[in-house]
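S.K.: My structure is stored as work.cif, with mmCIF, C-alpha atoms.
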```cif
data_my_file
loop_
_atom_site.label_atom_id
_atom_site.label_comp_id
_atom_site.auth_asym_id
_atom_site.auth_seq_id
_atom_site.Cartn_x
_atom_site.Cartn_y
_atom_site.Cartn_z
CA MET W 920 25.39 -61.72 30.89
CA ARG W 921 24.80 -63.71 34.08
CA GLY W 922 21.40 -65.31 34.27
CA LYS W 923 20.59 -64.55 30.68
CA SER W 924 18.59 -67.20 28.87
CA VAL W 925 20.41 -68.79 25.93
CA VAL W 926 17.13 -69.26 24.09
CA ALA W 927 16.22 -65.59 24.49
CA ASP W 928 19.71 -64.64 23.31
CA ALA W 929 19.36 -66.81 20.21
CA ARG W 930 16.04 -65.14 19.46
CA ASP W 931 17.57 -61.68 19.83
CA VAL W 932 20.40 -62.57 17.45
CA ALA W 933 17.95 -63.99 14.89
CA ARG W 934 15.87 -60.84 15.12
CA ALA W 935 18.91 -58.57 14.77
CA THR W 936 19.99 -60.62 11.74
CA GLU W 937 16.60 -60.08 10.13
CA LEU W 938 16.72 -56.35 10.83
CA ILE W 939 20.24 -55.97 9.43
CA GLU W 940 19.20 -57.80 6.29
CA LEU W 941 16.28 -55.39 5.90
CA GLY W 942 18.82 -52.56 6.07
CA MET W 943 18.43 -51.27 9.60
CA ARG W 944 21.15 -48.97 10.94
CA LEU W 945 23.27 -49.80 13.94
CA GLN W 946 21.91 -46.95 16.07
CA MET W 947 18.40 -48.34 15.74
CA LEU W 948 19.50 -51.91 16.42
CA GLU W 949 21.03 -50.71 19.66
CA SER W 950 17.72 -49.30 20.80
CA GLU W 951 15.57 -52.16 19.49
CA THR W 952 17.56 -55.20 20.64
CA PRO W 953 19.20 -55.92 23.99
CA LEU W 954 22.46 -57.00 22.28
CA SER W 955 25.65 -55.09 23.00
CA ARG W 956 27.14 -52.67 20.51
CA GLU W 957 30.21 -54.87 19.92
CA ARG W 958 28.12 -57.93 19.14
CA LEU W 959 25.89 -55.95 16.82
CA THR W 960 28.90 -54.51 14.99
CA LYS W 961 30.36 -58.00 14.59
CA LEU W 962 27.04 -59.33 13.35
CA TYR W 963 26.71 -56.44 10.92
CA LYS W 964 30.19 -57.01 9.47
CA GLU W 965 29.55 -60.71 9.11
CA LEU W 966 26.25 -60.21 7.28
CA LYS W 967 27.06 -57.21 5.11
CA GLY W 968 30.78 -57.73 4.69
CA LYS W 969 31.51 -54.12 5.66
CA SER W 970 31.47 -51.80 8.66
CA PRO W 971 28.14 -50.21 9.55
CA PRO W 972 27.67 -46.62 8.29
CA LYS W 973 28.44 -44.11 11.03
CA GLY W 974 26.59 -40.99 9.95
CA MET W 975 23.58 -39.47 11.64
CA LEU W 976 20.16 -41.00 11.20
CA PRO W 977 17.67 -39.01 9.11
CA PHE W 978 16.02 -36.66 11.60
CA SER W 979 13.72 -34.40 9.62
CA THR W 980 9.94 -34.69 9.55
CA ASP W 981 9.82 -32.68 6.31
CA TRP W 982 10.91 -35.63 4.20
CA PHE W 983 7.67 -37.44 5.04
CA VAL W 984 5.42 -34.70 3.69
CA THR W 985 7.03 -34.29 0.28
CA TRP W 986 4.95 -35.87 -2.42
CA MET W 987 6.36 -39.27 -3.30
CA PRO W 988 7.74 -40.09 0.18
CA ASN W 989 4.34 -39.13 1.62
CA VAL W 990 2.60 -41.75 -0.50
CA HIS W 991 5.05 -44.40 0.67
CA ALA W 992 4.97 -43.28 4.30
CA SER W 993 1.16 -43.25 4.31
CA LEU W 994 1.06 -46.72 2.78
CA PHE W 995 3.44 -48.06 5.41
CA ALA W 996 1.54 -46.28 8.19
CA ALA W 997 -1.75 -47.76 6.96
CA ILE W 998 -0.34 -51.30 6.89
CA HIS W 999 1.25 -50.88 10.31
CA HIS W 1000 -1.97 -49.50 11.76
CA HIS W 1001 -3.94 -52.44 10.38
CA LEU W 1002 -1.50 -54.98 11.84
CA ILE W 1003 -1.42 -53.54 15.35
CA LYS W 1004 -5.21 -53.18 15.40
CA THR W 1005 -5.84 -56.79 14.38
CA SER W 1006 -3.00 -58.71 16.11
CA ALA W 1007 -1.20 -58.43 19.40
CA LEU W 1008 2.40 -57.93 18.23
CA ASP W 1009 5.61 -56.64 19.79
CA ASP W 1010 6.57 -53.22 18.47
CA ILE W 1011 9.56 -54.61 16.65
CA ASP W 1012 7.63 -57.54 15.14
CA ALA W 1013 4.92 -55.17 13.95
CA LEU W 1014 7.63 -53.03 12.31
CA ILE W 1015 9.23 -56.02 10.56
CA LYS W 1016 5.94 -57.50 9.36
CA ALA W 1017 4.53 -54.17 8.20
CA TYR W 1018 7.77 -53.35 6.42
CA ARG W 1019 7.78 -56.70 4.61
CA LEU W 1020 4.18 -56.15 3.50
CA TYR W 1021 5.15 -52.67 2.32
CA LEU W 1022 8.07 -54.07 0.27
CA GLU W 1023 5.70 -56.62 -1.21
CA GLN W 1024 3.25 -53.86 -2.23
CA CYS W 1025 6.05 -51.91 -3.90
CA ARG W 1026 7.12 -54.98 -5.82
CA ALA W 1027 3.55 -55.77 -6.89
CA LEU W 1028 2.96 -52.19 -8.05
CA GLY W 1029 6.34 -51.82 -9.73
CA LEU W 1030 7.28 -48.85 -7.53
CA ASP W 1031 10.80 -48.09 -6.35
CA VAL W 1032 11.19 -48.57 -2.62
CA GLU W 1033 11.33 -45.02 -1.22
CA LEU W 1034 10.96 -45.76 2.45
CA SER W 1035 13.96 -47.48 4.02
CA ILE W 1036 13.40 -49.41 7.23
CA THR W 1037 15.29 -46.62 9.01
CA ARG W 1038 12.76 -44.11 7.74
CA ALA W 1039 9.88 -46.43 8.59
CA TRP W 1040 11.14 -46.73 12.15
CA ARG W 1041 11.62 -42.97 12.34
CA LEU W 1042 8.09 -42.48 11.06
CA LEU W 1043 6.63 -44.57 13.89
CA ARG W 1044 8.74 -42.63 16.40
CA PHE W 1045 7.59 -39.30 14.97
CA LEU W 1046 3.97 -40.45 15.15
CA ASP W 1047 4.45 -41.56 18.77
CA ALA W 1048 6.04 -38.24 19.63
CA ARG W 1049 3.21 -36.39 17.86
CA MET W 1050 5.61 -34.61 15.55
CA LEU W 1051 3.71 -36.19 12.68
CA LYS W 1052 0.08 -37.25 12.71
CA ILE W 1053 -2.42 -39.04 10.51
CA ALA W 1054 -5.13 -37.01 8.82
CA PRO W 1055 -8.08 -38.18 6.72
CA CYS W 1056 -8.36 -36.84 3.17
CA THR W 1057 -11.71 -35.14 2.64
CA CYS W 1058 -11.84 -36.42 -0.92
CA CYS W 1059 -10.92 -40.14 -0.81
CA ARG W 1060 -11.27 -40.70 2.98
CA GLY W 1061 -7.86 -42.37 3.00
CA GLU W 1062 -5.53 -41.48 5.85
CA PHE W 1063 -2.24 -39.73 5.24
CA VAL W 1064 0.83 -38.64 7.15
CA VAL W 1065 0.93 -34.89 7.86
CA ARG W 1066 2.92 -32.65 10.20
CA ASP W 1067 1.41 -32.00 13.60
CA TYR W 1068 0.86 -28.30 12.95
CA ASP W 1069 -0.66 -28.74 9.48
CA LEU W 1070 -4.26 -27.60 9.18
CA THR W 1071 -6.30 -30.67 8.37
CA ARG W 1072 -9.96 -29.72 8.45
CA ASN W 1073 -10.15 -29.46 4.67
CA TYR W 1074 -7.13 -31.65 3.98
CA VAL W 1075 -6.92 -33.15 0.49
CA CYS W 1076 -4.19 -35.73 -0.04
CA GLY W 1077 -1.41 -35.52 -2.61
CA LEU W 1078 -2.92 -38.35 -4.60
CA CYS W 1079 -6.36 -36.76 -4.98
CA SER W 1080 -4.83 -33.46 -6.10
CA PRO W 1081 -1.25 -34.07 -7.17
CA PRO W 1082 0.90 -30.95 -7.47
CA SER W 1083 2.04 -30.07 -10.97
CA ARG W 1084 4.93 -32.22 -12.18
CA ALA W 1085 4.44 -34.65 -9.28
CA GLY W 1086 6.01 -38.01 -10.02
CA ARG W 1087 7.88 -36.67 -13.04
CA ARG W 1088 11.23 -37.15 -11.41
CA ARG W 1089 11.87 -40.46 -13.11
CA ALA W 1090 11.05 -39.03 -16.53
CA ALA W 1091 13.45 -36.19 -15.84
CA ASP W 1092 16.13 -38.63 -14.67
CA GLU W 1093 15.76 -40.69 -17.82
CA GLU W 1094 16.01 -37.62 -20.03
CA LEU W 1095 19.18 -36.67 -18.24
CA ALA W 1096 20.61 -40.15 -18.65
CA ALA W 1097 19.69 -40.16 -22.34
CA ALA W 1098 21.35 -36.77 -22.85
CA ALA W 1099 24.55 -37.84 -21.10
CA MET T 655 -32.04 -72.47 -10.09
CA ILE T 656 -28.39 -72.87 -10.91
CA ASP T 657 -27.07 -75.95 -12.63
CA GLU T 658 -24.94 -78.68 -11.12
CA SER T 659 -21.68 -77.56 -12.75
CA MET T 660 -21.96 -74.13 -11.19
CA LEU T 661 -22.49 -75.68 -7.76
CA ALA T 662 -19.40 -77.79 -8.35
CA GLU T 663 -17.48 -74.63 -9.19
CA ILE T 664 -18.67 -72.95 -5.99
CA ARG T 665 -17.49 -75.95 -3.98
CA GLU T 666 -14.14 -75.85 -5.70
CA ALA T 667 -13.71 -72.12 -5.15
CA ASN T 668 -14.69 -72.55 -1.48
CA LEU T 669 -12.19 -75.31 -0.92
CA THR T 670 -9.38 -73.47 -2.69
CA TYR T 671 -10.14 -70.35 -0.68
CA LEU T 672 -10.23 -72.16 2.66
CA ILE T 673 -7.02 -74.08 2.01
CA LEU T 674 -5.22 -70.93 0.89
CA ALA T 675 -6.54 -68.93 3.84
CA GLN T 676 -5.41 -71.60 6.28
CA ARG T 677 -1.98 -71.83 4.68
CA MET T 678 -1.55 -68.05 4.84
CA LEU T 679 -2.56 -67.95 8.50
CA ARG T 680 -0.26 -70.79 9.44
CA ALA T 681 2.68 -69.24 7.59
CA ASP T 682 2.26 -65.88 9.35
CA ARG T 683 -0.84 -65.17 11.32
CA ALA T 684 -0.65 -61.36 11.44
CA GLN T 685 0.25 -60.94 7.78
CA GLY T 686 -2.34 -63.55 6.79
CA MET T 687 -5.06 -61.66 8.64
CA PHE T 688 -3.96 -58.46 6.93
CA ARG T 689 -4.09 -60.00 3.47
CA LEU T 690 -7.39 -61.78 4.09
CA GLY T 691 -8.98 -58.81 5.82
CA ILE T 692 -10.32 -60.94 8.65
CA GLY T 693 -10.33 -60.48 12.42
CA GLU T 694 -8.82 -62.48 15.27
CA ASP T 695 -11.88 -64.67 15.88
CA VAL T 696 -12.38 -65.78 12.31
CA ALA T 697 -8.63 -66.34 11.92
CA THR T 698 -8.62 -68.70 14.89
CA ILE T 699 -11.53 -70.70 13.49
CA VAL T 700 -10.06 -70.99 10.00
CA GLU T 701 -6.63 -71.86 11.36
CA THR T 702 -7.91 -74.80 13.38
CA LEU T 703 -10.22 -76.36 10.77
CA SER T 704 -9.43 -79.97 9.89
CA THR T 705 -9.40 -81.11 6.27
CA ALA T 706 -12.65 -83.00 6.74
CA GLN T 707 -14.30 -79.91 8.19
CA MET T 708 -13.08 -77.78 5.31
CA ILE T 709 -14.51 -80.17 2.74
CA LYS T 710 -17.82 -80.18 4.60
CA ILE T 711 -18.00 -76.38 4.80
CA ALA T 712 -16.91 -76.01 1.18
CA SER T 713 -19.71 -78.20 -0.13
CA THR T 714 -22.54 -75.77 0.65
CA SER T 715 -24.19 -73.80 -2.11
CA PHE T 716 -22.96 -70.51 -0.61
CA LEU T 717 -19.73 -68.94 -1.73
CA MET T 718 -17.50 -68.53 1.34
CA CYS T 719 -15.67 -65.39 0.20
CA LYS T 720 -17.28 -62.14 -0.79
CA LEU T 721 -16.14 -59.00 -2.56
CA ARG T 722 -14.18 -57.00 -0.07
CA PHE T 723 -14.45 -53.42 -1.25
CA ASP T 724 -17.75 -51.61 -1.24
CA ASP T 725 -16.08 -48.28 -1.78
CA ARG T 726 -16.68 -46.75 -5.19
CA MET T 727 -13.38 -44.88 -4.94
CA VAL T 728 -11.34 -48.07 -4.63
CA TRP T 729 -13.04 -49.63 -7.64
CA ASP T 730 -12.37 -46.56 -9.75
CA LEU T 731 -8.73 -46.66 -8.71
CA ILE T 732 -8.12 -50.33 -9.40
CA THR T 733 -10.04 -50.46 -12.66
CA GLY T 734 -8.49 -47.27 -14.10
CA HIS T 735 -5.82 -47.63 -16.76
CA ASP T 736 -3.55 -44.62 -16.52
CA GLU T 737 -0.57 -44.35 -14.14
CA LEU T 738 -1.20 -47.76 -12.72
CA ALA T 739 1.50 -47.66 -10.06
CA MET T 740 0.32 -44.49 -8.29
CA LYS T 741 -3.34 -45.48 -8.50
CA GLY T 742 -2.43 -48.86 -7.08
CA ALA T 743 -0.58 -47.21 -4.22
CA HIS T 744 -3.60 -44.99 -3.56
CA ALA T 745 -5.92 -47.99 -3.54
CA ALA T 746 -3.54 -49.86 -1.23
CA ILE T 747 -3.59 -46.95 1.26
CA LEU T 748 -7.39 -46.99 1.29
CA LEU T 749 -7.58 -50.78 1.55
CA ALA T 750 -4.99 -51.17 4.28
CA ARG T 751 -6.92 -48.75 6.49
CA ALA T 752 -10.13 -50.76 6.24
CA LEU T 753 -10.30 -52.91 9.35
CA PRO T 754 -12.30 -56.13 9.60
CA GLU T 755 -15.71 -55.51 11.16
CA ALA T 756 -15.25 -57.70 14.22
CA ALA T 757 -11.83 -56.30 15.15
#
```
Could you render the structure from this file as structure tokens?
M.R.:
Amino acid sequence: MRGKSVVADARDVARATELIELGMRLQMLESETPLSRERLTKLYKELKGKSPPKGMLPFSTDWFVTWMPNVHASLFAAIHHHLIKTSALDDIDALIKAYRLYLEQCRALGLDVELSITRAWRLLRFLDARMLKIAPCTCCRGEFVVRDYDLTRNYVCGLCSPPSRAGRRRAADEELAAAA
Amino acid sequence: MIDESMLAEIREANLTYLILAQRMLRADRAQGMFRLGIGEDVATIVETLSTAQMIKIASTSFLMCKLRFDDRMVWDLITGHDELAMKGAHAAILLARALPEAA
């Protein structure tokens, strides 16, 4: 800790606090902030009133290409892309700001939040690592998240041609709840 | 020739727009630029305008803000009635991708 600026430390703690409140997992906090694991754990317990979850982070790219998650992931990716193209932001600030704008969109549209900040962070990592990429839809010219090895020359997005029964999950859930 | 009351309304809309834009940019510059759909240069100008300057700019006979989407697809999506949430999400994906011209 020798030689470390108190002001910088305060900023790191404030940032970690913001990320924990948005629901970020401890593993990601460790890689995104210079704070030690013990301090992060303490901070997490203080804010959430419980120990951080210890399981593995979601690691599959497949989740992002299923229908509903793909819409959310593409929306987040579009917002993030816009922000980093128009402003000079730190990676972590861009993530926080884009995620807040995404939450705001969900609220405005009355959609359930599908993409957790953990997934959003994963998405950016997958895009960086070229395990996922962005492809333009030939129908609406919007840009969507696809897997790297997907063929995209004649790509049509899930919103232009939704698969049968897409988005019916909630109706099915409600039927189930009504039957129970 | 438009009448005096319409000119007054243009001035009012201009002033409201400029004040709101400035407030958004001062609250959070990056998010404000995203919501307004403007680039770095314009954001800097708007952010630093004084109240007197804003009143002066607002009192022209031109409307300061213009319709942002010239894409037929977006209009169809946001004016459609069925499945509002998914259409809205679709429109938001298309809109968020559109970068300001000067950026």
S.K.: Do me a favour and pick out the residues of chain W within 6 Å of chain T, using only C-alpha atoms, as an MDAnalysis selection string.
M.R.: chainID W and resid 994 997:998 1006 1028 1061
S.K.: Give as JSON, numbers by chain the residues that the PyMOL selection byres ((chain T and resi 702) around 12) matches when applied to the coordinates above.
M.R.: {"T": [672, 673, 675, 676, 677, 679, 680, 695, 696, 697, 698, 699, 700, 701, 703, 704, 705, 706, 707, 708]}
S.K.: Written as an MDAnalysis selection string, which residues does the PyMOL selection byres ((chain W and resi 967-979) around 8) give for the file shown?
M.R.: chainID W and resid 940 944:946 960 963:966 980:982 1037:1038 1041
S.K.: Please produce an output containing C-alpha atoms for each residue in the selection, written as a PDB file, in the coordinates of the input.
M.R.:
```pdb
ATOM      1  CA  GLU W 940      19.200 -57.800   6.290  1.00  0.00           C
ATOM      2  CA  ARG W 944      21.150 -48.970  10.940  1.00  0.00           C
ATOM      3  CA  LEU W 945      23.270 -49.800  13.940  1.00  0.00           C
ATOM      4  CA  GLN W 946      21.910 -46.950  16.070  1.00  0.00           C
ATOM      5  CA  THR W 960      28.900 -54.510  14.990  1.00  0.00           C
ATOM      6  CA  TYR W 963      26.710 -56.440  10.920  1.00  0.00           C
ATOM      7  CA  LYS W 964      30.190 -57.010   9.470  1.00  0.00           C
ATOM      8  CA  GLU W 965      29.550 -60.710   9.110  1.00  0.00           C
ATOM      9  CA  LEU W 966      26.250 -60.210   7.280  1.00  0.00           C
ATOM     10  CA  THR W 980       9.940 -34.690   9.550  1.00  0.00           C
ATOM     11  CA  ASP W 981       9.820 -32.680   6.310  1.00  0.00           C
ATOM     12  CA  TRP W 982      10.910 -35.630   4.200  1.00  0.00           C
ATOM     13  CA  THR W1037      15.290 -46.620   9.010  1.00  0.00           C
ATOM     14  CA  ARG W1038      12.760 -44.110   7.740  1.00  0.00           C
ATOM     15  CA  ARG W1041      11.620 -42.970  12.340  1.00  0.00           C
TER      16      ARG W1041
END
```
S.K.: Measuring atom to atom with only C-alpha atoms, identify which of W:Ile1053, W:Met987, W:Ser993, W:Val926 is nearest to W:Arg1084.
M.R.: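 Among the listed residues, W:Met987 lies closest to W:Arg1084.
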S.K.: To one decimal place, how far is atom CA of W:Asp928 from atom CA of W:Pro953 in Å?
M.R.: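 Pair atom CA of W:Asp928 / atom CA of W:Pro953 returns 8.8 Å.
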S.K.: Could you give me, as a short mmCIF file (atom, residue, chain, number, x, y, z; two decimals) with C-alpha atoms, in the frame of the given file, the residues within 12 Å of T:Ala667, counting all atoms listed in the file and dropping anything in the same chain fewer than 6 positions from it?
M.R.:
```cif
data_model
loop_
_atom_site.label_atom_id
_atom_site.label_comp_id
_atom_site.auth_asym_id
_atom_site.auth_seq_id
_atom_site.Cartn_x
_atom_site.Cartn_y
_atom_site.Cartn_z
CA MET T 660 -21.96 -74.13 -11.19
CA LEU T 661 -22.49 -75.68 -7.76
CA ILE T 673 -7.02 -74.08 2.01
CA LEU T 674 -5.22 -70.93 0.89
CA ALA T 675 -6.54 -68.93 3.84
CA MET T 708 -13.08 -77.78 5.31
CA ILE T 709 -14.51 -80.17 2.74
CA ILE T 711 -18.00 -76.38 4.80
CA ALA T 712 -16.91 -76.01 1.18
CA SER T 713 -19.71 -78.20 -0.13
CA THR T 714 -22.54 -75.77 0.65
CA SER T 715 -24.19 -73.80 -2.11
CA PHE T 716 -22.96 -70.51 -0.61
CA LEU T 717 -19.73 -68.94 -1.73
CA MET T 718 -17.50 -68.53 1.34
CA CYS T 719 -15.67 -65.39 0.20
CA LYS T 720 -17.28 -62.14 -0.79
#
```
S.K.: For atom CA of W:Leu938 and atom CA of W:Leu1051, determine how far apart the two atoms are, in Å to one decimal place.
M.R.: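 Separating atom CA of W:Leu938 from atom CA of W:Leu1051 is a distance of 24.1 Å.
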S.K.: Smallest atom-to-atom distance to W:Val932: which of W:Ser1083, W:Ser955, W:Ser950, W:Asn989, using all atoms listed in the file?
M.R.: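 Once distances to W:Val932 are computed over all atoms listed in the file, the minimum belongs to W:Ser955.
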S.K.: Determine the residue membership of the PyMOL selection byres ((chain W and resi 935) around 10) for the file above and supply it as a VMD selection string.
M.R.: chain W and resid 929 to 934 936 to 941 943 945 948 to 949 951 to 954 959 962 to 963
S.K.: If you keep C-alpha atoms, can you produce a file of those selected residues as a PDB file, in the frame of the given file?
M.R.:
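Now in again_17.pdb:
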```pdb
ATOM      1  CA  ALA W 929      19.360 -66.810  20.210  1.00  0.00           C
ATOM      2  CA  ARG W 930      16.040 -65.140  19.460  1.00  0.00           C
ATOM      3  CA  ASP W 931      17.570 -61.680  19.830  1.00  0.00           C
ATOM      4  CA  VAL W 932      20.400 -62.570  17.450  1.00  0.00           C
ATOM      5  CA  ALA W 933      17.950 -63.990  14.890  1.00  0.00           C
ATOM      6  CA  ARG W 934      15.870 -60.840  15.120  1.00  0.00           C
ATOM      7  CA  THR W 936      19.990 -60.620  11.740  1.00  0.00           C
ATOM      8  CA  GLU W 937      16.600 -60.080  10.130  1.00  0.00           C
ATOM      9  CA  LEU W 938      16.720 -56.350  10.830  1.00  0.00           C
ATOM     10  CA  ILE W 939      20.240 -55.970   9.430  1.00  0.00           C
ATOM     11  CA  GLU W 940      19.200 -57.800   6.290  1.00  0.00           C
ATOM     12  CA  LEU W 941      16.280 -55.390   5.900  1.00  0.00           C
ATOM     13  CA  MET W 943      18.430 -51.270   9.600  1.00  0.00           C
ATOM     14  CA  LEU W 945      23.270 -49.800  13.940  1.00  0.00           C
ATOM     15  CA  LEU W 948      19.500 -51.910  16.420  1.00  0.00           C
ATOM     16  CA  GLU W 949      21.030 -50.710  19.660  1.00  0.00           C
ATOM     17  CA  GLU W 951      15.570 -52.160  19.490  1.00  0.00           C
ATOM     18  CA  THR W 952      17.560 -55.200  20.640  1.00  0.00           C
ATOM     19  CA  PRO W 953      19.200 -55.920  23.990  1.00  0.00           C
ATOM     20  CA  LEU W 954      22.460 -57.000  22.280  1.00  0.00           C
ATOM     21  CA  LEU W 959      25.890 -55.950  16.820  1.00  0.00           C
ATOM     22  CA  LEU W 962      27.040 -59.330  13.350  1.00  0.00           C
ATOM     23  CA  TYR W 963      26.710 -56.440  10.920  1.00  0.00           C
TER      24      TYR W 963
END
```
S.K.: Expressed in Å to a single decimal, how great is the separation between atom CA of W:Ala927 and atom CA of W:Phe1045?
M.R.: 29.3 Å
S.K.: May I ask which of the residues W:Leu1002, W:Leu1042, W:Ala1097, W:Thr1071 is the closest one to T:Leu690, counting only C-alpha atoms?
M.R.: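 Looking only at the distances to T:Leu690, the closest residue turns out to be W:Leu1002.
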S.K.: Using the file's own x, y and z axes, what box holds all listed atoms of stretch 666-674 of chain T with 8 Å on each side, keeping edges along x, y and z, and what are its centre and edge lengths in Å to one decimal, as lines of an AutoDock Vina configuration file?
M.R.:
```
center_x = -10.0
center_y = -73.1
center_z = -1.5
size_x = 25.5
size_y = 21.5
size_z = 24.4
```
S.K.: Taking 5 positions as the minimum chain separation for residues in the same chain, which residues sit within 12 Å of W:Asn1073 when counting all atoms listed in the file? Answer as a list in words.
M.R.: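 That gives Ala1054, Pro1055, Cys1056, Thr1057, Cys1058 and Arg1060 of chain W.
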S.K.: For N, CA and C atoms, please extract stretch 691-707 of chain T from the block and return it as a PDB file, in the first residue's frame.
M.R.:
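selection27.pdb, written as the output of this step:
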```pdb
ATOM      1  N   GLY T 691     -27.808  12.345 -29.123  1.00  0.00           N
ATOM      2  CA  GLY T 691     -27.339  11.971 -30.457  1.00  0.00           C
ATOM      3  C   GLY T 691     -26.419  13.013 -31.059  1.00  0.00           C
ATOM      4  N   ILE T 692     -25.629  13.662 -30.216  1.00  0.00           N
ATOM      5  CA  ILE T 692     -24.704  14.679 -30.730  1.00  0.00           C
ATOM      6  C   ILE T 692     -23.265  14.257 -30.503  1.00  0.00           C
ATOM      7  N   GLY T 693     -22.346  14.895 -31.207  1.00  0.00           N
ATOM      8  CA  GLY T 693     -20.929  14.560 -31.111  1.00  0.00           C
ATOM      9  C   GLY T 693     -20.209  15.438 -30.101  1.00  0.00           C
ATOM     10  N   GLU T 694     -18.927  15.129 -29.927  1.00  0.00           N
ATOM     11  CA  GLU T 694     -18.070  15.801 -28.958  1.00  0.00           C
ATOM     12  C   GLU T 694     -18.072  17.328 -29.124  1.00  0.00           C
ATOM     13  N   ASP T 695     -17.908  17.779 -30.361  1.00  0.00           N
ATOM     14  CA  ASP T 695     -17.773  19.222 -30.614  1.00  0.00           C
ATOM     15  C   ASP T 695     -19.029  19.979 -30.212  1.00  0.00           C
ATOM     16  N   VAL T 696     -20.159  19.501 -30.681  1.00  0.00           N
ATOM     17  CA  VAL T 696     -21.419  20.174 -30.367  1.00  0.00           C
ATOM     18  C   VAL T 696     -21.673  20.131 -28.863  1.00  0.00           C
ATOM     19  N   ALA T 697     -21.347  18.994 -28.247  1.00  0.00           N
ATOM     20  CA  ALA T 697     -21.559  18.852 -26.801  1.00  0.00           C
ATOM     21  C   ALA T 697     -20.774  19.912 -26.041  1.00  0.00           C
ATOM     22  N   THR T 698     -19.527  20.130 -26.448  1.00  0.00           N
ATOM     23  CA  THR T 698     -18.697  21.129 -25.780  1.00  0.00           C
ATOM     24  C   THR T 698     -19.309  22.520 -25.912  1.00  0.00           C
ATOM     25  N   ILE T 699     -19.777  22.838 -27.095  1.00  0.00           N
ATOM     26  CA  ILE T 699     -20.388  24.161 -27.315  1.00  0.00           C
ATOM     27  C   ILE T 699     -21.622  24.332 -26.430  1.00  0.00           C
ATOM     28  N   VAL T 700     -22.526  23.358 -26.494  1.00  0.00           N
ATOM     29  CA  VAL T 700     -23.775  23.469 -25.739  1.00  0.00           C
ATOM     30  C   VAL T 700     -23.497  23.554 -24.241  1.00  0.00           C
ATOM     31  N   GLU T 701     -22.520  22.755 -23.792  1.00  0.00           N
ATOM     32  CA  GLU T 701     -22.214  22.694 -22.373  1.00  0.00           C
ATOM     33  C   GLU T 701     -21.734  24.045 -21.837  1.00  0.00           C
ATOM     34  N   THR T 702     -21.040  24.805 -22.663  1.00  0.00           N
ATOM     35  CA  THR T 702     -20.423  26.034 -22.175  1.00  0.00           C
ATOM     36  C   THR T 702     -21.244  27.287 -22.469  1.00  0.00           C
ATOM     37  N   LEU T 703     -22.430  27.126 -23.043  1.00  0.00           N
ATOM     38  CA  LEU T 703     -23.256  28.305 -23.336  1.00  0.00           C
ATOM     39  C   LEU T 703     -23.713  28.984 -22.045  1.00  0.00           C
ATOM     40  N   SER T 704     -23.682  30.310 -22.036  1.00  0.00           N
ATOM     41  CA  SER T 704     -24.236  31.030 -20.881  1.00  0.00           C
ATOM     42  C   SER T 704     -25.733  31.217 -21.107  1.00  0.00           C
ATOM     43  N   THR T 705     -26.430  31.580 -20.032  1.00  0.00           N
ATOM     44  CA  THR T 705     -27.887  31.754 -20.151  1.00  0.00           C
ATOM     45  C   THR T 705     -28.224  32.822 -21.194  1.00  0.00           C
ATOM     46  N   ALA T 706     -27.480  33.923 -21.156  1.00  0.00           N
ATOM     47  CA  ALA T 706     -27.740  34.995 -22.117  1.00  0.00           C
ATOM     48  C   ALA T 706     -27.558  34.511 -23.552  1.00  0.00           C
ATOM     49  N   GLN T 707     -26.508  33.717 -23.765  1.00  0.00           N
ATOM     50  CA  GLN T 707     -26.270  33.171 -25.106  1.00  0.00           C
ATOM     51  C   GLN T 707     -27.408  32.261 -25.542  1.00  0.00           C
TER      52      GLN T 707
END
```
